[in-house]
>>> print(open('structure32.tsv').read())   # TSV, N, CA and C atoms
chain	number	residue	atom	x	y	z
A	1	MET	N	-13.02	-6.31	-6.43
A	1	MET	CA	-11.90	-5.66	-5.78
A	1	MET	C	-10.61	-6.32	-6.28
A	2	SER	N	-9.69	-5.51	-6.73
A	2	SER	CA	-8.37	-6.00	-7.12
A	2	SER	C	-7.56	-6.25	-5.86
A	3	HIS	N	-6.90	-7.41	-5.80
A	3	HIS	CA	-6.14	-7.74	-4.59
A	3	HIS	C	-4.94	-8.62	-4.91
A	4	VAL	N	-4.07	-8.78	-3.91
A	4	VAL	CA	-2.88	-9.61	-4.03
A	4	VAL	C	-2.78	-10.44	-2.75
A	5	ARG	N	-2.23	-11.64	-2.85
A	5	ARG	CA	-2.06	-12.52	-1.69
A	5	ARG	C	-0.58	-12.79	-1.43
A	6	GLN	N	-0.30	-13.33	-0.26
A	6	GLN	CA	1.07	-13.70	0.13
A	6	GLN	C	1.30	-15.18	-0.18
A	7	LEU	N	1.02	-15.59	-1.40
A	7	LEU	CA	1.10	-17.00	-1.77
A	7	LEU	C	2.49	-17.43	-2.24
A	8	ASP	N	2.87	-16.95	-3.43
A	8	ASP	CA	4.06	-17.49	-4.09
A	8	ASP	C	5.11	-16.43	-4.45
A	9	GLY	N	4.92	-15.20	-3.99
A	9	GLY	CA	5.87	-14.14	-4.31
A	9	GLY	C	5.72	-13.58	-5.72
A	10	LYS	N	4.76	-14.09	-6.48
A	10	LYS	CA	4.57	-13.64	-7.86
A	10	LYS	C	3.35	-12.74	-8.02
A	11	GLY	N	2.43	-12.79	-7.05
A	11	GLY	CA	1.22	-11.97	-7.14
A	11	GLY	C	1.55	-10.51	-6.92
A	12	GLU	N	0.94	-9.65	-7.74
A	12	GLU	CA	1.18	-8.22	-7.59
A	12	GLU	C	-0.08	-7.44	-7.94
A	13	LEU	N	-0.17	-6.29	-7.35
A	13	LEU	CA	-1.26	-5.36	-7.60
A	13	LEU	C	-0.62	-4.03	-7.96
A	14	GLU	N	-0.86	-3.55	-9.17
A	14	GLU	CA	-0.24	-2.30	-9.63
A	14	GLU	C	-1.32	-1.33	-10.07
A	15	TRP	N	-1.15	-0.05	-9.72
A	15	TRP	CA	-2.10	0.96	-10.13
A	15	TRP	C	-1.41	2.31	-10.28
A	16	ARG	N	-2.10	3.20	-10.99
A	16	ARG	CA	-1.62	4.57	-11.21
A	16	ARG	C	-2.51	5.52	-10.41
A	17	THR	N	-1.87	6.51	-9.81
A	17	THR	CA	-2.60	7.52	-9.07
A	17	THR	C	-3.09	8.59	-10.05
A	18	GLU	N	-3.85	9.53	-9.54
A	18	GLU	CA	-4.14	10.74	-10.30
A	18	GLU	C	-2.81	11.47	-10.48
A	19	PRO	N	-2.67	12.31	-11.52
A	19	PRO	CA	-1.41	13.06	-11.66
A	19	PRO	C	-1.14	13.92	-10.43
A	20	VAL	N	0.11	13.96	-10.02
A	20	VAL	CA	0.49	14.84	-8.91
A	20	VAL	C	0.51	16.27	-9.43
A	21	PRO	N	0.43	17.27	-8.56
A	21	PRO	CA	0.42	18.65	-9.04
A	21	PRO	C	1.63	18.98	-9.92
A	22	ALA	N	1.38	19.71	-11.00
A	22	ALA	CA	2.46	20.07	-11.92
A	22	ALA	C	3.46	21.02	-11.27
A	23	ASP	N	3.01	21.77	-10.27
A	23	ASP	CA	3.89	22.73	-9.60
A	23	ASP	C	4.43	22.18	-8.26
A	24	LEU	N	4.50	20.88	-8.14
A	24	LEU	CA	4.95	20.23	-6.91
A	24	LEU	C	6.40	20.62	-6.59
A	25	ASP	N	6.62	21.16	-5.40
A	25	ASP	CA	7.95	21.55	-4.94
A	25	ASP	C	8.74	20.28	-4.63
A	26	PRO	N	9.90	20.06	-5.26
A	26	PRO	CA	10.66	18.83	-5.03
A	26	PRO	C	11.17	18.67	-3.59
A	27	ASN	N	11.13	19.74	-2.81
A	27	ASN	CA	11.56	19.67	-1.41
A	27	ASN	C	10.40	19.43	-0.45
A	28	ALA	N	9.19	19.33	-1.00
A	28	ALA	CA	7.99	19.13	-0.18
A	28	ALA	C	7.70	17.64	-0.02
A	29	ARG	N	6.56	17.35	0.55
A	29	ARG	CA	6.07	15.98	0.67
A	29	ARG	C	4.72	15.93	-0.03
A	30	HIS	N	4.32	14.73	-0.43
A	30	HIS	CA	3.02	14.55	-1.09
A	30	HIS	C	2.36	13.31	-0.52
A	31	ALA	N	1.06	13.39	-0.30
A	31	ALA	CA	0.31	12.25	0.25
A	31	ALA	C	-0.73	11.76	-0.74
A	32	PHE	N	-0.85	10.45	-0.84
A	32	PHE	CA	-1.90	9.79	-1.61
A	32	PHE	C	-2.81	9.10	-0.59
A	33	VAL	N	-4.12	9.18	-0.81
A	33	VAL	CA	-5.08	8.53	0.08
A	33	VAL	C	-5.97	7.65	-0.78
A	34	PHE	N	-6.16	6.39	-0.34
A	34	PHE	CA	-7.01	5.49	-1.10
A	34	PHE	C	-7.68	4.49	-0.17
A	35	PRO	N	-8.91	4.07	-0.52
A	35	PRO	CA	-9.60	3.06	0.28
A	35	PRO	C	-9.02	1.68	0.01
A	36	ALA	N	-8.83	0.93	1.06
A	36	ALA	CA	-8.22	-0.40	0.92
A	36	ALA	C	-8.85	-1.37	1.92
A	37	ALA	N	-8.51	-2.62	1.74
A	37	ALA	CA	-8.95	-3.68	2.65
A	37	ALA	C	-7.83	-4.71	2.73
A	38	MET	N	-7.82	-5.45	3.82
A	38	MET	CA	-6.82	-6.49	3.99
A	38	MET	C	-7.37	-7.54	4.93
A	39	GLY	N	-6.80	-8.73	4.84
A	39	GLY	CA	-7.33	-9.72	5.75
A	39	GLY	C	-6.78	-11.11	5.63
A	40	TYR	N	-7.56	-12.00	6.22
A	40	TYR	CA	-7.26	-13.41	6.46
A	40	TYR	C	-6.12	-13.51	7.46
A	41	VAL	N	-6.28	-12.76	8.55
A	41	VAL	CA	-5.25	-12.63	9.57
A	41	VAL	C	-4.91	-13.96	10.25
A	42	SER	N	-5.80	-14.95	10.16
A	42	SER	CA	-5.52	-16.25	10.79
A	42	SER	C	-4.51	-17.07	9.99
A	43	GLN	N	-4.21	-16.65	8.77
A	43	GLN	CA	-3.22	-17.32	7.93
A	43	GLN	C	-1.80	-16.94	8.37
A	44	PRO	N	-0.79	-17.70	7.96
A	44	PRO	CA	0.60	-17.36	8.33
A	44	PRO	C	0.97	-15.94	7.89
A	45	SER	N	1.77	-15.29	8.70
A	45	SER	CA	2.17	-13.90	8.46
A	45	SER	C	3.37	-13.82	7.53
A	46	GLY	N	3.20	-13.03	6.48
A	46	GLY	CA	4.29	-12.74	5.56
A	46	GLY	C	4.42	-11.23	5.44
A	47	THR	N	4.76	-10.76	4.24
A	47	THR	CA	4.84	-9.32	4.01
A	47	THR	C	4.26	-8.97	2.65
A	48	PHE	N	3.89	-7.71	2.54
A	48	PHE	CA	3.57	-7.09	1.27
A	48	PHE	C	4.65	-6.03	1.06
A	49	THR	N	5.21	-5.97	-0.14
A	49	THR	CA	6.23	-4.97	-0.46
A	49	THR	C	5.59	-3.91	-1.33
A	50	LEU	N	5.66	-2.66	-0.89
A	50	LEU	CA	5.12	-1.52	-1.62
A	50	LEU	C	6.26	-0.83	-2.34
A	51	SER	N	6.07	-0.59	-3.64
A	51	SER	CA	7.07	0.14	-4.42
A	51	SER	C	6.41	1.28	-5.19
A	52	LEU	N	7.24	2.25	-5.55
A	52	LEU	CA	6.81	3.42	-6.31
A	52	LEU	C	7.73	3.55	-7.50
A	53	GLY	N	7.18	3.45	-8.70
A	53	GLY	CA	7.99	3.58	-9.90
A	53	GLY	C	9.12	2.57	-9.97
A	54	GLY	N	8.91	1.39	-9.42
A	54	GLY	CA	9.92	0.34	-9.45
A	54	GLY	C	10.92	0.38	-8.30
A	55	THR	N	10.80	1.36	-7.41
A	55	THR	CA	11.70	1.47	-6.26
A	55	THR	C	10.96	1.01	-5.01
A	56	LYS	N	11.56	0.04	-4.29
A	56	LYS	CA	10.94	-0.44	-3.06
A	56	LYS	C	10.88	0.68	-2.03
A	57	LEU	N	9.69	0.84	-1.42
A	57	LEU	CA	9.51	1.83	-0.37
A	57	LEU	C	9.55	1.20	1.02
A	58	LEU	N	8.74	0.15	1.22
A	58	LEU	CA	8.65	-0.47	2.54
A	58	LEU	C	7.87	-1.77	2.46
A	59	ASP	N	7.93	-2.53	3.57
A	59	ASP	CA	7.15	-3.76	3.73
A	59	ASP	C	6.08	-3.52	4.78
A	60	PHE	N	4.92	-4.17	4.59
A	60	PHE	CA	3.85	-4.12	5.58
A	60	PHE	C	3.13	-5.46	5.59
A	61	ASP	N	2.26	-5.65	6.56
A	61	ASP	CA	1.48	-6.88	6.66
A	61	ASP	C	0.05	-6.53	7.02
A	62	VAL	N	-0.79	-7.52	7.10
A	62	VAL	CA	-2.19	-7.34	7.46
A	62	VAL	C	-2.30	-6.86	8.90
A	63	SER	N	-3.16	-5.89	9.12
A	63	SER	CA	-3.48	-5.42	10.46
A	63	SER	C	-4.97	-5.19	10.54
A	64	LEU	N	-5.59	-5.64	11.61
A	64	LEU	CA	-7.02	-5.42	11.80
A	64	LEU	C	-7.31	-4.07	12.47
A	65	ALA	N	-6.27	-3.41	12.96
A	65	ALA	CA	-6.41	-2.12	13.63
A	65	ALA	C	-5.61	-1.07	12.87
A	66	SER	N	-5.84	0.18	13.19
A	66	SER	CA	-5.06	1.25	12.58
A	66	SER	C	-3.58	1.03	12.89
A	67	ARG	N	-2.75	1.32	11.89
A	67	ARG	CA	-1.33	0.99	12.03
A	67	ARG	C	-0.52	1.89	11.10
A	68	THR	N	0.73	2.14	11.45
A	68	THR	CA	1.64	2.92	10.61
A	68	THR	C	2.93	2.14	10.38
A	69	TRP	N	3.40	2.15	9.13
A	69	TRP	CA	4.68	1.53	8.77
A	69	TRP	C	5.56	2.63	8.18
A	70	LYS	N	6.87	2.50	8.37
A	70	LYS	CA	7.81	3.46	7.80
A	70	LYS	C	8.90	2.73	7.04
A	71	SER	N	9.47	3.44	6.07
A	71	SER	CA	10.61	2.90	5.33
A	71	SER	C	11.81	2.84	6.28
A	72	GLU	N	12.84	2.10	5.87
A	72	GLU	CA	14.03	1.97	6.70
A	72	GLU	C	14.63	3.32	7.08
A	73	ASP	N	14.62	4.27	6.15
A	73	ASP	CA	15.19	5.60	6.44
A	73	ASP	C	14.14	6.56	7.02
A	74	THR	N	12.93	6.06	7.27
A	74	THR	CA	11.77	6.79	7.83
A	74	THR	C	11.25	7.91	6.95
A	75	SER	N	11.70	8.03	5.71
A	75	SER	CA	11.23	9.11	4.84
A	75	SER	C	9.86	8.82	4.23
A	76	VAL	N	9.45	7.56	4.19
A	76	VAL	CA	8.16	7.17	3.63
A	76	VAL	C	7.29	6.62	4.75
A	77	ILE	N	6.04	7.09	4.79
A	77	ILE	CA	5.11	6.67	5.83
A	77	ILE	C	3.85	6.11	5.18
A	78	LEU	N	3.47	4.92	5.59
A	78	LEU	CA	2.23	4.28	5.15
A	78	LEU	C	1.35	4.14	6.38
A	79	ALA	N	0.24	4.86	6.40
A	79	ALA	CA	-0.66	4.84	7.55
A	79	ALA	C	-1.99	4.22	7.14
A	80	TYR	N	-2.44	3.24	7.90
A	80	TYR	CA	-3.73	2.59	7.66
A	80	TYR	C	-4.68	2.98	8.78
A	81	ALA	N	-5.80	3.57	8.42
A	81	ALA	CA	-6.84	3.94	9.38
A	81	ALA	C	-7.99	2.96	9.21
A	82	ALA	N	-8.07	1.97	10.09
A	82	ALA	CA	-9.12	0.95	10.02
A	82	ALA	C	-10.48	1.61	10.28
A	83	ARG	N	-11.45	1.28	9.47
A	83	ARG	CA	-12.80	1.83	9.63
A	83	ARG	C	-13.81	0.76	10.04
A	84	ALA	N	-13.59	-0.46	9.61
A	84	ALA	CA	-14.48	-1.57	9.97
A	84	ALA	C	-13.67	-2.85	9.93
A	85	SER	N	-13.96	-3.76	10.87
A	85	SER	CA	-13.22	-5.02	10.88
A	85	SER	C	-14.04	-6.10	11.54
A	86	ASN	N	-13.63	-7.34	11.26
A	86	ASN	CA	-14.18	-8.50	11.94
A	86	ASN	C	-12.98	-9.33	12.41
A	87	ALA	N	-13.18	-10.57	12.73
A	87	ALA	CA	-12.09	-11.40	13.26
A	87	ALA	C	-11.01	-11.72	12.22
A	88	GLU	N	-11.29	-11.54	10.94
A	88	GLU	CA	-10.35	-11.90	9.87
A	88	GLU	C	-9.91	-10.74	8.98
A	89	ASP	N	-10.81	-9.80	8.71
A	89	ASP	CA	-10.58	-8.80	7.67
A	89	ASP	C	-10.90	-7.39	8.16
A	90	THR	N	-10.40	-6.41	7.42
A	90	THR	CA	-10.66	-5.01	7.76
A	90	THR	C	-10.71	-4.16	6.50
A	91	THR	N	-11.41	-3.06	6.59
A	91	THR	CA	-11.43	-2.05	5.53
A	91	THR	C	-11.09	-0.70	6.15
A	92	GLY	N	-10.53	0.19	5.34
A	92	GLY	CA	-10.19	1.50	5.86
A	92	GLY	C	-9.55	2.38	4.81
A	93	LEU	N	-8.86	3.40	5.26
A	93	LEU	CA	-8.18	4.33	4.38
A	93	LEU	C	-6.67	4.23	4.58
A	94	VAL	N	-5.96	4.21	3.46
A	94	VAL	CA	-4.50	4.19	3.48
A	94	VAL	C	-4.02	5.57	3.04
A	95	THR	N	-3.05	6.10	3.79
A	95	THR	CA	-2.38	7.34	3.40
A	95	THR	C	-0.91	7.01	3.20
A	96	LEU	N	-0.44	7.28	2.00
A	96	LEU	CA	0.97	7.09	1.67
A	96	LEU	C	1.60	8.47	1.55
A	97	ASP	N	2.54	8.78	2.43
A	97	ASP	CA	3.20	10.07	2.46
A	97	ASP	C	4.66	9.88	2.02
A	98	VAL	N	5.04	10.56	0.92
A	98	VAL	CA	6.38	10.38	0.35
A	98	VAL	C	7.04	11.73	0.08
A	99	PRO	N	8.37	11.75	0.06
A	99	PRO	CA	9.06	12.98	-0.37
A	99	PRO	C	8.73	13.25	-1.85
A	100	ALA	N	8.45	14.50	-2.16
A	100	ALA	CA	8.08	14.87	-3.53
A	100	ALA	C	9.17	14.54	-4.54
A	101	LYS	N	10.41	14.44	-4.08
A	101	LYS	CA	11.51	14.13	-5.01
A	101	LYS	C	11.34	12.75	-5.64
A	102	PHE	N	10.49	11.90	-5.07
A	102	PHE	CA	10.22	10.57	-5.64
A	102	PHE	C	9.21	10.63	-6.79
A	103	LEU	N	8.60	11.79	-7.00
A	103	LEU	CA	7.49	11.93	-7.94
A	103	LEU	C	7.87	12.80	-9.13
A	104	GLU	N	7.14	12.61	-10.22
A	104	GLU	CA	7.34	13.42	-11.41
A	104	GLU	C	6.17	14.41	-11.50
A	105	PRO	N	6.43	15.71	-11.33
A	105	PRO	CA	5.34	16.69	-11.34
A	105	PRO	C	4.47	16.57	-12.59
A	106	GLY	N	3.14	16.63	-12.37
A	106	GLY	CA	2.19	16.56	-13.47
A	106	GLY	C	1.90	15.16	-13.98
A	107	LYS	N	2.55	14.16	-13.43
A	107	LYS	CA	2.36	12.79	-13.91
A	107	LYS	C	1.82	11.90	-12.79
A	108	PRO	N	1.12	10.84	-13.17
A	108	PRO	CA	0.66	9.90	-12.13
A	108	PRO	C	1.83	9.10	-11.58
A	109	ALA	N	1.70	8.68	-10.35
A	109	ALA	CA	2.68	7.78	-9.74
A	109	ALA	C	2.21	6.35	-10.01
A	110	VAL	N	3.16	5.44	-10.17
A	110	VAL	CA	2.84	4.03	-10.36
A	110	VAL	C	3.22	3.30	-9.08
A	111	LEU	N	2.21	2.77	-8.41
A	111	LEU	CA	2.39	2.06	-7.15
A	111	LEU	C	2.18	0.57	-7.38
A	112	LYS	N	2.92	-0.25	-6.65
A	112	LYS	CA	2.78	-1.70	-6.78
A	112	LYS	C	2.96	-2.35	-5.42
A	113	VAL	N	2.12	-3.34	-5.15
A	113	VAL	CA	2.24	-4.16	-3.95
A	113	VAL	C	2.44	-5.60	-4.40
A	114	VAL	N	3.47	-6.25	-3.85
A	114	VAL	CA	3.78	-7.64	-4.16
A	114	VAL	C	3.71	-8.44	-2.86
A	115	GLY	N	3.01	-9.57	-2.91
A	115	GLY	CA	2.92	-10.44	-1.74
A	115	GLY	C	4.11	-11.36	-1.65
A	116	SER	N	4.51	-11.69	-0.43
A	116	SER	CA	5.69	-12.55	-0.23
A	116	SER	C	5.38	-14.00	-0.57
A	117	ASN	N	6.43	-14.79	-0.66
A	117	ASN	CA	6.35	-16.22	-0.99
A	117	ASN	C	6.29	-17.02	0.32
A	118	ILE	N	5.11	-17.00	0.95
A	118	ILE	CA	4.98	-17.64	2.26
A	118	ILE	C	3.89	-18.72	2.25
A	119	GLY	N	3.16	-18.85	1.14
A	119	GLY	CA	2.08	-19.83	1.07
A	119	GLY	C	0.87	-19.45	1.91
A	120	SER	N	0.71	-18.15	2.14
A	120	SER	CA	-0.39	-17.65	2.97
A	120	SER	C	-1.49	-17.08	2.08
A	121	ARG	N	-2.71	-17.17	2.57
A	121	ARG	CA	-3.85	-16.59	1.83
A	121	ARG	C	-4.14	-15.17	2.29
A	122	ARG	N	-3.27	-14.60	3.16
A	122	ARG	CA	-3.45	-13.20	3.54
A	122	ARG	C	-3.50	-12.35	2.28
A	123	TRP	N	-4.30	-11.29	2.32
A	123	TRP	CA	-4.51	-10.49	1.12
A	123	TRP	C	-4.55	-9.00	1.45
A	124	PHE	N	-4.26	-8.20	0.42
A	124	PHE	CA	-4.38	-6.75	0.45
A	124	PHE	C	-5.05	-6.34	-0.85
A	125	GLY	N	-6.03	-5.44	-0.77
A	125	GLY	CA	-6.74	-5.02	-1.97
A	125	GLY	C	-7.14	-3.57	-1.95
A	126	LEU	N	-7.42	-3.05	-3.12
A	126	LEU	CA	-7.92	-1.68	-3.28
A	126	LEU	C	-9.42	-1.71	-3.48
A	127	LEU	N	-10.11	-0.90	-2.73
A	127	LEU	CA	-11.56	-0.79	-2.87
A	127	LEU	C	-11.87	0.19	-3.99
A	128	PRO	N	-12.87	-0.12	-4.80
A	128	PRO	CA	-13.22	0.80	-5.88
A	128	PRO	C	-13.81	2.11	-5.34
A	129	LEU	N	-13.49	3.20	-6.00
A	129	LEU	CA	-14.09	4.48	-5.65
A	129	LEU	C	-15.47	4.55	-6.30
A	130	ARG	N	-16.41	5.14	-5.62
A	130	ARG	CA	-17.77	5.25	-6.18
A	130	ARG	C	-18.00	6.62	-6.73
>>> encode(input="structure32.tsv", output="structure tokens")
Amino acid sequence: MSHVRQLDGKGELEWRTEPVPADLDPNARHAFVFPAAMGYVSQPSGTFTLSLGGTKLLDFDVSLASRTWKSEDTSVILAYAARASNAEDTTGLVTLDVPAKFLEPGKPAVLKVVGSNIGSRRWFGLLPLR
């Protein structure tokens, strides 16, 4: 599993989505769904910064339960649906809902998560698709 921690502010996890629809209406919204995991909740709390194409969208942290985060202007929504958890870690589905104007029709989106410089072993990772 590819993952990033909140150690030194230098760790990052970057990936490309499937291409968005070529006929995507720029006034619409588009959602990406991917399996993810996060954990080590007993470690100090920092943040993970999510960006799209080099533009910061929002900050989030580890949650063992289902949770939703929004960008400052509330136009971007990151929803985590926890499916399984223990006292430290959780797995589930992440839905990232963004305005289509942030995307290039017919092309993949480039997403990146960077962990904060807090010296924490908290982590966020992408689960492989089978």
>>> residues_around(input="structure32.tsv", residues="region 54-62 of chain A", least_positions_apart="5", cutoff="8 Å", atoms="all atoms listed in the file", output="list in words")
Ala37, Met38, Gly39, Tyr40, Val41, Ser45, Gly46, Thr47, Phe48, Thr49, Thr68, Trp69, Lys70, Ser71, Glu72, Asp73, Val76, Ile77, Val110, Leu111, Lys112, Arg122, Trp123 and Phe124 of chain A
>>> closest_residue(input="structure32.tsv", among="A:Pro99, A:Gly115, A:Pro128, A:Gly9", to="His30 (chain A)", atoms="all atoms listed in the file")
A:Pro99
>>> select_by_dssp(input="structure32.tsv", residues="chain A", states="strand (DSSP E or B)", output="PyMOL selection string")
chain A and resi 2-5+12-19+29-39+48-52+55-60+67-70+77-85+89-99+108-115+123-126
>>> closest_residue(input="structure32.tsv", among="A:Leu7, A:Asn117, A:Val33, A:Thr95", to="Leu129 (chain A)", atoms="only C-alpha atoms")
A:Val33
>>> atom_distance(input="structure32.tsv", atom1="atom C of Val98 (chain A)", atom2="atom N of Asn27 (chain A)")
9.4 Å
>>> closest_residue(input="structure32.tsv", among="A:Pro105, A:Pro19, A:Gly119, A:Gly92", to="Phe32 (chain A)", atoms="only C-alpha atoms")
A:Pro19
>>> closest_residue(input="structure32.tsv", among="A:Leu127, A:Leu24, A:Leu78, A:Leu50", to="Asp97 (chain A)", atoms="only C-alpha atoms")
A:Leu78
>>> axis_aligned_box(input="structure32.tsv", around="region 35-47 of chain A", padding_each_side="4 Å", output="lines of an AutoDock Vina configuration file")
center_x = -2.4
center_y = -6.8
center_z = 5.1
size_x = 22.4
size_y = 29.8
size_z = 19.3
>>> closest_residue(input="structure32.tsv", among="A:Ser63, A:Phe102, A:Pro26, A:Val114", to="Val4 (chain A)", atoms="only N, CA and C atoms")
A:Val114
>>> atom_distance(input="structure32.tsv", atom1="CA of Pro35 (chain A)", atom2="CA of Ser120 (chain A)")
22.8 Å
>>> closest_residue(input="structure32.tsv", among="A:Ala100, A:Ala65, A:Ala87, A:Ala79", to="Val20 (chain A)", atoms="only C-alpha atoms")
A:Ala100
>>> atom_distance(input="structure32.tsv", atom1="atom N of Trp15 (chain A)", atom2="CA of Ala82 (chain A)")
21.3 Å
>>> build_atoms(input="structure32.tsv", residues="region 84-100 of chain A", atoms="N, CA, C and O atoms", output="JSON list (two decimals), in the frame of the given file")
[["chain", "number", "residue", "atom", "x", "y", "z"],
["A", 84, "ALA", "N", -13.59, -0.46, 9.61],
["A", 84, "ALA", "CA", -14.48, -1.57, 9.97],
["A", 84, "ALA", "C", -13.67, -2.85, 9.93],
["A", 84, "ALA", "O", -12.78, -3.00, 9.09],
["A", 85, "SER", "N", -13.96, -3.76, 10.87],
["A", 85, "SER", "CA", -13.22, -5.02, 10.88],
["A", 85, "SER", "C", -14.04, -6.10, 11.54],
["A", 85, "SER", "O", -15.00, -5.84, 12.25],
["A", 86, "ASN", "N", -13.63, -7.34, 11.26],
["A", 86, "ASN", "CA", -14.18, -8.50, 11.94],
["A", 86, "ASN", "C", -12.98, -9.33, 12.41],
["A", 86, "ASN", "O", -11.87, -8.82, 12.45],
["A", 87, "ALA", "N", -13.18, -10.57, 12.73],
["A", 87, "ALA", "CA", -12.09, -11.40, 13.26],
["A", 87, "ALA", "C", -11.01, -11.72, 12.22],
["A", 87, "ALA", "O", -9.90, -12.10, 12.59],
["A", 88, "GLU", "N", -11.29, -11.54, 10.94],
["A", 88, "GLU", "CA", -10.35, -11.90, 9.87],
["A", 88, "GLU", "C", -9.91, -10.74, 8.98],
["A", 88, "GLU", "O", -8.78, -10.73, 8.50],
["A", 89, "ASP", "N", -10.81, -9.80, 8.71],
["A", 89, "ASP", "CA", -10.58, -8.80, 7.67],
["A", 89, "ASP", "C", -10.90, -7.39, 8.16],
["A", 89, "ASP", "O", -11.62, -7.22, 9.15],
["A", 90, "THR", "N", -10.40, -6.41, 7.42],
["A", 90, "THR", "CA", -10.66, -5.01, 7.76],
["A", 90, "THR", "C", -10.71, -4.16, 6.50],
["A", 90, "THR", "O", -10.12, -4.51, 5.48],
["A", 91, "THR", "N", -11.41, -3.06, 6.59],
["A", 91, "THR", "CA", -11.43, -2.05, 5.53],
["A", 91, "THR", "C", -11.09, -0.70, 6.15],
["A", 91, "THR", "O", -11.32, -0.48, 7.34],
["A", 92, "GLY", "N", -10.53, 0.19, 5.34],
["A", 92, "GLY", "CA", -10.19, 1.50, 5.86],
["A", 92, "GLY", "C", -9.55, 2.38, 4.81],
["A", 92, "GLY", "O", -9.68, 2.12, 3.61],
["A", 93, "LEU", "N", -8.86, 3.40, 5.26],
["A", 93, "LEU", "CA", -8.18, 4.33, 4.38],
["A", 93, "LEU", "C", -6.67, 4.23, 4.58],
["A", 93, "LEU", "O", -6.19, 4.20, 5.71],
["A", 94, "VAL", "N", -5.96, 4.21, 3.46],
["A", 94, "VAL", "CA", -4.50, 4.19, 3.48],
["A", 94, "VAL", "C", -4.02, 5.57, 3.04],
["A", 94, "VAL", "O", -4.51, 6.12, 2.06],
["A", 95, "THR", "N", -3.05, 6.10, 3.79],
["A", 95, "THR", "CA", -2.38, 7.34, 3.40],
["A", 95, "THR", "C", -0.91, 7.01, 3.20],
["A", 95, "THR", "O", -0.25, 6.50, 4.11],
["A", 96, "LEU", "N", -0.44, 7.28, 2.00],
["A", 96, "LEU", "CA", 0.97, 7.09, 1.67],
["A", 96, "LEU", "C", 1.60, 8.47, 1.55],
["A", 96, "LEU", "O", 1.22, 9.26, 0.68],
["A", 97, "ASP", "N", 2.54, 8.78, 2.43],
["A", 97, "ASP", "CA", 3.20, 10.07, 2.46],
["A", 97, "ASP", "C", 4.66, 9.88, 2.02],
["A", 97, "ASP", "O", 5.40, 9.12, 2.66],
["A", 98, "VAL", "N", 5.04, 10.56, 0.92],
["A", 98, "VAL", "CA", 6.38, 10.38, 0.35],
["A", 98, "VAL", "C", 7.04, 11.73, 0.08],
["A", 98, "VAL", "O", 6.36, 12.73, -0.14],
["A", 99, "PRO", "N", 8.37, 11.75, 0.06],
["A", 99, "PRO", "CA", 9.06, 12.98, -0.37],
["A", 99, "PRO", "C", 8.73, 13.25, -1.85],
["A", 99, "PRO", "O", 8.70, 12.33, -2.67],
["A", 100, "ALA", "N", 8.45, 14.50, -2.16],
["A", 100, "ALA", "CA", 8.08, 14.87, -3.53],
["A", 100, "ALA", "C", 9.17, 14.54, -4.54],
["A", 100, "ALA", "O", 8.88, 14.35, -5.72]]
